[in-house]
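Chemist: Structure provided below as structure tokens; questions to follow.
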Amino acid sequence: MYKILDDKHPFLRVKTKLVKFITDDIRDICKNMQETMLEAEGLGLAANQVGIDACIIVLELDNFKGAMINPRILKKSDKIYHLEEGCLSIPGINVDTNNRAKDIKVEFTDTEGVVKKLKFKGLDAVVIQHEIDHLLGILMTDYLEENND
Ligand code: ZN
């Protein structure tokens, strides 16, 4: 099990490295991240939230459970989905970023090395956008600061 870092930790601002090879080490990281997420009762977790510089997220959604390696968003709807989202690195705060697409199409590699393209909507789409933001060093609270400028 990993320790979840809070938003003051510099690792939350790291743009994570792409995973080149899906090895047993990578599969172990995915498994440990998943256990950490479930223990914390989160819907998603990004590798840099537990101090690992790798482009990996794990998810516990209605329509997807498991790891996405090197995930990226291929398509976003213009329609915004409003939701007060939370973050395991920022406990006790919920934020509507006003910025989450309602429908997305994501490409990622699974733990067997197979590249997949899947569509998500609503809550699932928001969680995936939140976690992919983490991999880019972006936090949900950043959107609030932007709005206040
Ligand atoms: Zn988060």
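The chains in the structure tokens are called A, B, ... from first to last as shown; in each chain the residues are counted from 1, and the ligands are counted from 1 in the order shown.
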Please tabulate, as a Markdown table, the residues of segment 8-77 of chain A that come within 8 Å of segment 105-111 of chain A, each with its closest pair of atoms and the distance in Å to one decimal, counting only C-alpha atoms and ordering rows by chain, then residue number upward.

Modeler:
| residue | atom | partner | partner_atom | distance |
| --- | --- | --- | --- | --- |
| A:Ile22 | CA | A:Thr111 | CA | 6.6 |
| A:Ile26 | CA | A:Thr111 | CA | 8.0 |
| A:Arg27 | CA | A:Thr111 | CA | 6.1 |
| A:Ala67 | CA | A:Asp110 | CA | 6.6 |
| A:Met68 | CA | A:Phe108 | CA | 5.6 |
| A:Ile69 | CA | A:Thr109 | CA | 4.9 |
| A:Asn70 | CA | A:Phe108 | CA | 5.5 |
| A:Pro71 | CA | A:Phe108 | CA | 4.2 |
| A:Arg72 | CA | A:Glu107 | CA | 5.5 |
| A:Ile73 | CA | A:Val106 | CA | 4.5 |
| A:Leu74 | CA | A:Lys105 | CA | 5.4 |
| A:Lys75 | CA | A:Lys105 | CA | 5.0 |
| A:Lys76 | CA | A:Lys105 | CA | 6.7 |

Chemist: Using only C-alpha atoms, determine which residues lie at most 8 Å from segment 38-52 of chain A, disregarding the query and same-chain residues fewer than 4 positions distant; provide the list as a list in words.

Modeler: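 Within the cut-off, the hits are Tyr2, Lys3, Ile4, Leu5, Asp6, Phe11, Leu12, Val14, Thr16, Met33, Gln34, Ile56, Ile57, Val58, Leu59, Glu60, Leu61, Cys87, Leu88, Ser89, Val127, Ile128, Glu131, Ile132, His134 and Leu135 of chain A.
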
Chemist: Go ahead and write the residues just picked, N, CA and C atoms, as a PDB file, in the first residue's frame.

Modeler:
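So part16.pdb came out as:
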ATOM      1  N   TYR A   2       0.426   2.264  -0.711  1.00  0.00           N
ATOM      2  CA  TYR A   2       1.182   3.509  -0.814  1.00  0.00           C
ATOM      3  C   TYR A   2       0.582   4.578   0.094  1.00  0.00           C
ATOM      4  N   LYS A   3       1.407   5.591   0.391  1.00  0.00           N
ATOM      5  CA  LYS A   3       0.944   6.768   1.120  1.00  0.00           C
ATOM      6  C   LYS A   3       0.498   7.810   0.082  1.00  0.00           C
ATOM      7  N   ILE A   4      -0.677   8.390   0.301  1.00  0.00           N
ATOM      8  CA  ILE A   4      -1.176   9.400  -0.633  1.00  0.00           C
ATOM      9  C   ILE A   4      -0.635  10.773  -0.224  1.00  0.00           C
ATOM     10  N   LEU A   5       0.018  11.441  -1.177  1.00  0.00           N
ATOM     11  CA  LEU A   5       0.615  12.750  -0.899  1.00  0.00           C
ATOM     12  C   LEU A   5      -0.452  13.836  -0.957  1.00  0.00           C
ATOM     13  N   ASP A   6      -0.253  14.893  -0.156  1.00  0.00           N
ATOM     14  CA  ASP A   6      -1.227  15.989  -0.215  1.00  0.00           C
ATOM     15  C   ASP A   6      -0.800  17.022  -1.260  1.00  0.00           C
ATOM     16  N   PHE A  11       5.463  16.706  -5.838  1.00  0.00           N
ATOM     17  CA  PHE A  11       5.181  15.633  -6.796  1.00  0.00           C
ATOM     18  C   PHE A  11       3.831  15.805  -7.475  1.00  0.00           C
ATOM     19  N   LEU A  12       2.939  16.531  -6.816  1.00  0.00           N
ATOM     20  CA  LEU A  12       1.618  16.766  -7.420  1.00  0.00           C
ATOM     21  C   LEU A  12       1.711  17.716  -8.604  1.00  0.00           C
ATOM     22  N   VAL A  14       4.313  17.446 -10.807  1.00  0.00           N
ATOM     23  CA  VAL A  14       5.153  16.762 -11.794  1.00  0.00           C
ATOM     24  C   VAL A  14       4.310  16.337 -12.996  1.00  0.00           C
ATOM     25  N   THR A  16       4.061  13.576 -15.422  1.00  0.00           N
ATOM     26  CA  THR A  16       4.604  12.222 -15.310  1.00  0.00           C
ATOM     27  C   THR A  16       5.135  11.693 -16.648  1.00  0.00           C
ATOM     28  N   MET A  33      -1.496   0.561  -6.448  1.00  0.00           N
ATOM     29  CA  MET A  33      -2.275   1.809  -6.543  1.00  0.00           C
ATOM     30  C   MET A  33      -3.752   1.522  -6.351  1.00  0.00           C
ATOM     31  N   GLN A  34      -4.224   0.436  -6.960  1.00  0.00           N
ATOM     32  CA  GLN A  34      -5.634   0.076  -6.849  1.00  0.00           C
ATOM     33  C   GLN A  34      -6.016  -0.208  -5.392  1.00  0.00           C
ATOM     34  N   ILE A  56       0.258   6.695 -15.130  1.00  0.00           N
ATOM     35  CA  ILE A  56      -0.691   5.614 -14.807  1.00  0.00           C
ATOM     36  C   ILE A  56      -1.796   6.167 -13.914  1.00  0.00           C
ATOM     37  N   ILE A  57      -3.042   5.798 -14.224  1.00  0.00           N
ATOM     38  CA  ILE A  57      -4.149   6.065 -13.299  1.00  0.00           C
ATOM     39  C   ILE A  57      -4.881   4.753 -13.022  1.00  0.00           C
ATOM     40  N   VAL A  58      -5.507   4.677 -11.856  1.00  0.00           N
ATOM     41  CA  VAL A  58      -6.395   3.550 -11.562  1.00  0.00           C
ATOM     42  C   VAL A  58      -7.773   4.110 -11.252  1.00  0.00           C
ATOM     43  N   LEU A  59      -8.793   3.319 -11.590  1.00  0.00           N
ATOM     44  CA  LEU A  59     -10.169   3.799 -11.509  1.00  0.00           C
ATOM     45  C   LEU A  59     -11.081   2.738 -10.913  1.00  0.00           C
ATOM     46  N   GLU A  60     -12.083   3.220 -10.194  1.00  0.00           N
ATOM     47  CA  GLU A  60     -13.110   2.338  -9.648  1.00  0.00           C
ATOM     48  C   GLU A  60     -14.460   2.950 -10.026  1.00  0.00           C
ATOM     49  N   LEU A  61     -14.823   2.798 -11.303  1.00  0.00           N
ATOM     50  CA  LEU A  61     -16.024   3.424 -11.843  1.00  0.00           C
ATOM     51  C   LEU A  61     -17.058   2.352 -12.159  1.00  0.00           C
ATOM     52  N   CYS A  87     -10.942  15.124  -4.080  1.00  0.00           N
ATOM     53  CA  CYS A  87      -9.604  14.649  -4.433  1.00  0.00           C
ATOM     54  C   CYS A  87      -8.962  14.038  -3.200  1.00  0.00           C
ATOM     55  N   LEU A  88      -8.371  12.853  -3.346  1.00  0.00           N
ATOM     56  CA  LEU A  88      -7.745  12.183  -2.202  1.00  0.00           C
ATOM     57  C   LEU A  88      -6.557  12.987  -1.658  1.00  0.00           C
ATOM     58  N   SER A  89      -5.986  13.871  -2.489  1.00  0.00           N
ATOM     59  CA  SER A  89      -4.859  14.695  -2.049  1.00  0.00           C
ATOM     60  C   SER A  89      -5.305  16.017  -1.421  1.00  0.00           C
ATOM     61  N   VAL A 127     -14.258  11.929 -13.512  1.00  0.00           N
ATOM     62  CA  VAL A 127     -13.178  11.300 -12.736  1.00  0.00           C
ATOM     63  C   VAL A 127     -11.944  11.091 -13.627  1.00  0.00           C
ATOM     64  N   ILE A 128     -12.164  10.622 -14.841  1.00  0.00           N
ATOM     65  CA  ILE A 128     -11.028  10.367 -15.744  1.00  0.00           C
ATOM     66  C   ILE A 128     -10.309  11.676 -16.093  1.00  0.00           C
ATOM     67  N   GLU A 131      -8.224  12.675 -13.098  1.00  0.00           N
ATOM     68  CA  GLU A 131      -7.006  11.868 -12.911  1.00  0.00           C
ATOM     69  C   GLU A 131      -5.965  12.162 -13.990  1.00  0.00           C
ATOM     70  N   ILE A 132      -6.407  12.358 -15.229  1.00  0.00           N
ATOM     71  CA  ILE A 132      -5.445  12.688 -16.292  1.00  0.00           C
ATOM     72  C   ILE A 132      -4.828  14.059 -16.023  1.00  0.00           C
ATOM     73  N   HIS A 134      -4.082  15.156 -13.082  1.00  0.00           N
ATOM     74  CA  HIS A 134      -3.009  14.882 -12.116  1.00  0.00           C
ATOM     75  C   HIS A 134      -1.712  14.524 -12.828  1.00  0.00           C
ATOM     76  N   LEU A 135      -1.813  13.690 -13.862  1.00  0.00           N
ATOM     77  CA  LEU A 135      -0.620  13.231 -14.587  1.00  0.00           C
ATOM     78  C   LEU A 135       0.098  14.388 -15.275  1.00  0.00           C
TER      79      LEU A 135
END

Chemist: Nearest to ligand 1 among A:Lys79, A:Lys31, A:His130, A:Lys102, with distances taken over only C-alpha atoms and all ligand atoms: which residue is it?

Modeler: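 Comparing A:Lys79, A:Lys31, A:His130, A:Lys102 against ligand 1, the winner is A:His130.
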
Chemist: Between atom CA of Gly86 of chain A and atom CA of Ala54 of chain A, what distance in Å does the model show, to one decimal?

Modeler: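 These atoms are spaced 22.1 Å apart.
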
Chemist: Based on DSSP run over this structure's backbone, return all residues of chain A in alpha helix (DSSP H), as a VMD selection string.

Modeler: chain A and resid 24 to 39 122 to 135 140 to 148

Chemist: Extract, using only C-alpha atoms, all DNA, RNA and protein residues at most 9 Å from Ala101 of chain A, discarding same-chain residues fewer than 5 positions from it, and format them as a ChimeraX atom specification.

Modeler: /A:76-82,121-122,125-126,129

Chemist: Would you list the contacts of Thr23 of chain A as an MDAnalysis selection string, taking every protein, DNA or RNA residue within 10 Å and counting only C-alpha atoms, but skipping same-chain residues closer than 4 positions in sequence?

Modeler: chainID A and resid 19 27:29 111:113

Chemist: I'd like the interatomic distance between atom CA of Phe120 of chain A and atom CA of Asp133 of chain A, to a tenth of an Å.

Modeler: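 Straight-line distance from atom CA of Phe120 of chain A to atom CA of Asp133 of chain A works out to 16.1 Å.
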
Chemist: Can you list, as an MDAnalysis selection string, every residue of segment 38-133 of chain A that DSSP puts in strand (DSSP E)?

Modeler: chainID A and resid 44:46 56:60 65:76 103:109 115:121

Chemist: What gap, in Å, lies between atom CA of Asn32 of chain A and atom CA of Gly92 of chain A?

Modeler: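 These two atoms are separated by 24.1 Å.
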
Chemist: With distances taken over only C-alpha atoms and all ligand atoms, which of A:Leu83, A:Leu144, A:Cys30, A:Ile138 is nearest to ligand 1?

Modeler: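 With only C-alpha atoms and all ligand atoms as the atom set, the closest residue is A:Ile138.
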